[in-house]
Every structure is written in C-alpha cells, then in structure tokens.
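Input: a single structure, listed below in structure tokens.
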Amino acid sequence: MAATPEQIRECVLRAIDEYNASEERPIPRSLDTVLLGAGGAVDSLGLVRLVMAVERRVEDDLGVPVSLTDEKAMSQRTSPFRTTGTLAEYIASCLAARP
Amino acid sequence: MSDRRVMLITGTRKGIGQHLAEHYAARDFEVVGCSRAAPEWTLEHYEHFRVDVSDEAGVKEMFSQVRRRHGRVDVLVNNAGIASMNHVVLTPLKTVRDIYATNVFGTFLFCREAARLMSADKRGGRIVNFATVATPLNLEGEAIYASSKAAVESLTRVLARELAPFGITVNAVGPTPVATDLIRSVPQEKIEALLARQALRRLGEMRDITNVIDFFIREESDFVTGQIVYLGGV
C-alpha cells in the first residue's frame, strides 16, 4: 500500500525528534523549518545526519528503502533539502516513482 | 539479535577474505560476508550474501537486510579486490573498468552504506580498507591495480576526516604479496624482485594482515584514523 503524505510528514517529524535527541542545536519540529541557507537550522554535517535519520525512519516506518541523496536530488533546480516540507514532498515523489 | 559484534567482510569466498571470516567468527564476531559466487564452505557465526560489490542496488539491499537482522555493523573490512598484471600498452580498457569497479567503486559503496549504519550508533564504527605495497613501490606491470589502490588510500584518508564526527575510524592495511589466487599468475622472478624491495624479505602471511586489522579495530585504537600501514617494511 502506498504511503500517504501524512505518513511521510510524520516520518520527517519523527526523524527530527531523533536528530534533536542527540544534537546540541535542535531543529524546530515543523514542516516549515528552513534547513539550508540564511537562517537554516542545520550546517552541512547536520544535514547529513538529518537525511540519514529520515532515510532510516522511512525504511523502518514505511517498510521501503529510500535514497535521498541520489543524482536526481542533486540535480533538482530547487533543492529538496531547502525546508522540512520540501524534504517530505521529495520523499513522496521518490516513493511514487518506485517501480 | 546477538550480543556479538557485527563485522562485515567483502570478498570472503576464498583467500584472505575466507581467512578473515574464519578468524573473526572464532573471536566473538558475528561475521557477514559477501562475494559474487557462493563459497564452498560454511561457518558458525557466519552469514553469506551473494552480491557484486560494485552493484549499488545489490549492496544497498544487502545492508538493508543486515540492518533488519543485526541492527548494526561494528566493523567493515573492505577486502574484495582484483588485480591484473599487464604492461600498460597491452591493457584493455575493460580490464581497467573491472579493476576500478571492484577495488574503488566497491570500496566506496561499502564505506558509504556502512557509514550510514554506523553513524546511527553511538558506538560509531571501524572501517578497514585494503591498500597494497604495489602503490608505494610503483610496480611495473601493475599500473591499474596500483593506481586503483592509490584511490583507495586517498578515499581512506578523506573518509577518515569526513566520518570522524560520527565516531568512525577509517584505516587501511597494505599487504605484501600473500600466497593467494591474486598472485598465482605472477611470475616467480617478479615476486622475488618485489620481495627484494621489502625490508623484511618474505611473502606475507594471513596473521600479518589480521594483526594489523586487530590493531585498527581494538577499542584502544579509537584515536587512530586515516592511516595506511604497509607490511614488510615498505
């Protein structure tokens, strides 16, 4: 059964919880949180940690492995890692494109 | 899930990889190995995956299964490697692609996937790659093999820095020739000439390699990373 947008957003929020449990600089638990750029909630290493946490959460909660750092992600005109919301949308598009 | 630490070793069907699997399965590790073909042996505390180390989808699926079964990888040993001895003007591009696919791309893929698993674990992890004395000795006839392992050395040093924040150390052992299939086709005089360039002039043994790996993965070595240890005094 395909994951719903709500399930995917919940995965992102749970990954933020996981991230915040071990990081000194927490990420606001919201789907409007700006991740990168001016005022971004994470530095480059923080982004790596968050993306890995999200990938784990999607695999554990939705039962599907997802790679968010493939060539498709890197070639997007607007980075899927701009905000937590765009990250959730990108996960949905990756899951929808699965054969 | 077992309390034993989990070690993933590539290229375990025969040779050094098989020896490493036997060595660590007998020493409190749950060993997960892989190779393209199935091994002709079985071992307690050992599980085998058939996968080509340069096949990204296959490697990811393997790690996905390891994560579900064990929940962790404590140590990765990137042993899988192939060589081909030939003069550069006689070397087909396919040979270059095949050697780089296994030695460089395979090492990269396993480092990347292991780092993802290890970084989720507060205990971090240990990665040991395989270099070779052929690189610092600039051995004639081994341009592709030596250069592929030079890439592995560079990968080792850079990953040591990138993965340090996650508590993961990355080092490499650089063996001399060991009596395995890898050097079976190398003429005896070439081997003799190579040994003559070592400070300690003998073929390497399995214990020489496990000794260095044992050092890299011991608990007290958590301040050792980005190092390439050549055997034989090269």
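A note on labels: chains of the structure tokens are A, B, ... as shown, every chain counts residues from 1, and ligands are counted from 1 in their shown order.
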Margin query: What's around A:Ile16 at 12 Å? Count only C-alpha atoms, leave out sequence neighbours fewer than 2 positions away in its own chain, and write the answer as a ChimeraX atom specification.
Written below: /A:9-14,18-23,25-31,33,35,41-42,46-47,49-57,84,87-88
Next item on the list: Extract, using only C-alpha atoms, all DNA, RNA and protein residues at most 7 Å from stretch 36-53 of chain B, discarding same-chain residues fewer than 5 positions from it, and format them as a PyMOL selection string.
Entry: chain B and resi 13+25+30-31+58-59+102+106
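Among the candidates B:Met85, B:Leu159, B:Ile16, B:Ala151, the residue lying nearest to B:Pro187 is B:Met85 (atoms considered: only C-alpha atoms).
Of the residues in stretch 99-216 of chain B, those given strand (DSSP E or B) by DSSP on the backbone are Gly125, Arg126, Ile127, Val128, Asn129, Phe130, Ile168, Thr169, Val170, Asn171, Ala172, Val173, Gly174, Val178 and Gly204 of chain B.
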May I have the residues from that selection written out with C-alpha atoms, as a CSV table (one decimal), in the first residue's frame?
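Listing of out-v1.csv after writing:
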chain,number,residue,atom,x,y,z
B,125,GLY,CA,32.4,2.0,14.0
B,126,ARG,CA,35.6,0.9,12.3
B,127,ILE,CA,36.4,0.7,8.7
B,128,VAL,CA,39.5,-1.1,7.4
B,129,ASN,CA,40.3,-0.9,3.7
B,130,PHE,CA,42.8,-2.8,1.7
B,168,ILE,CA,34.0,6.1,12.8
B,169,THR,CA,37.7,5.4,12.1
B,170,VAL,CA,38.9,4.6,8.6
B,171,ASN,CA,42.3,3.0,8.1
B,172,ALA,CA,44.0,0.7,5.6
B,173,VAL,CA,46.3,-2.2,5.7
B,174,GLY,CA,48.8,-2.6,2.8
B,178,VAL,CA,50.5,-13.3,0.1
B,204,GLY,CA,53.2,-12.1,3.8
Item checked: Long-range neighbours of A:Ala92 as a PyMOL selection string, 9 Å cut-off, only C-alpha atoms, 6 positions minimum in chain -> chain A and resi 3-5+8
Emit the selected residues as a PDB file, in the first residue's frame, including C-alpha atoms.
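Saved file part08.pdb follows:
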ATOM      1  CA  ALA A   3       2.406   5.741   1.862  1.00  0.00           C
ATOM      2  CA  THR A   4       0.151   8.732   2.407  1.00  0.00           C
ATOM      3  CA  PRO A   5       1.538  12.310   2.522  1.00  0.00           C
ATOM      4  CA  ILE A   8       5.615  10.725   5.120  1.00  0.00           C
TER       5      ILE A   8
END
Note to self: Counting only C-alpha atoms, a student should be able to say which residues of chain B come within 10 Å of chain A; what is the right answer, written as a list of chain:residue names?
What the structure shows: B:Lys60, B:Glu61, B:Ser64, B:Arg67, B:Arg68, B:Ala115, B:Arg116, B:Leu117, B:Ser119, B:Ala120, B:Lys122, B:Glu162, B:Leu163, B:Pro165, B:Phe166
Go ahead and save the residues from that selection, with C-alpha atoms, as an mmCIF file, in the first residue's frame.
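Output contents, as saved in again_14.cif:
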data_model
loop_
_atom_site.group_PDB
_atom_site.id
_atom_site.type_symbol
_atom_site.label_atom_id
_atom_site.label_comp_id
_atom_site.auth_asym_id
_atom_site.auth_seq_id
_atom_site.Cartn_x
_atom_site.Cartn_y
_atom_site.Cartn_z
ATOM 1 C CA LYS B 60 22.050 -1.382 -0.657
ATOM 2 C CA GLU B 61 19.763 -4.403 -0.422
ATOM 3 C CA SER B 64 19.086 -3.261 4.331
ATOM 4 C CA ARG B 67 20.216 -3.724 9.339
ATOM 5 C CA ARG B 68 16.987 -5.689 9.785
ATOM 6 C CA ALA B 115 28.894 4.780 7.453
ATOM 7 C CA ARG B 116 25.132 5.309 7.252
ATOM 8 C CA LEU B 117 24.547 2.392 9.598
ATOM 9 C CA SER B 119 26.577 6.819 12.245
ATOM 10 C CA ALA B 120 23.212 5.893 13.758
ATOM 11 C CA LYS B 122 26.536 5.944 19.443
ATOM 12 C CA GLU B 162 34.522 13.108 6.960
ATOM 13 C CA LEU B 163 33.470 10.260 9.253
ATOM 14 C CA PRO B 165 32.424 13.358 13.671
ATOM 15 C CA PHE B 166 30.411 10.133 13.697
#
Check: Could you name the residues that touch B:Leu200 at 8 Å or less, counting only C-alpha atoms, but leaving out those on the same chain fewer than 3 positions away, as a ChimeraX atom specification?
Finding: /B:195,232-233
Margin query: Taking the DSSP secondary structure from the backbone, can you list the residues of stretch 13-154 of chain B that are alpha helix (DSSP H), as a PyMOL selection string?
Written below: chain B and resi 15-25+56-70+93-100+107-119+143-154
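Atom CA of B:Leu90 sits 25.8 Å away from atom CA of B:Glu153.
From atom CA of B:Thr95 back to atom CA of B:Ser54, the distance works out to 14.5 Å.
The interatomic distance for the pair atom CA of A:Phe81 and atom CA of B:Ser154 works out to 28.8 Å.
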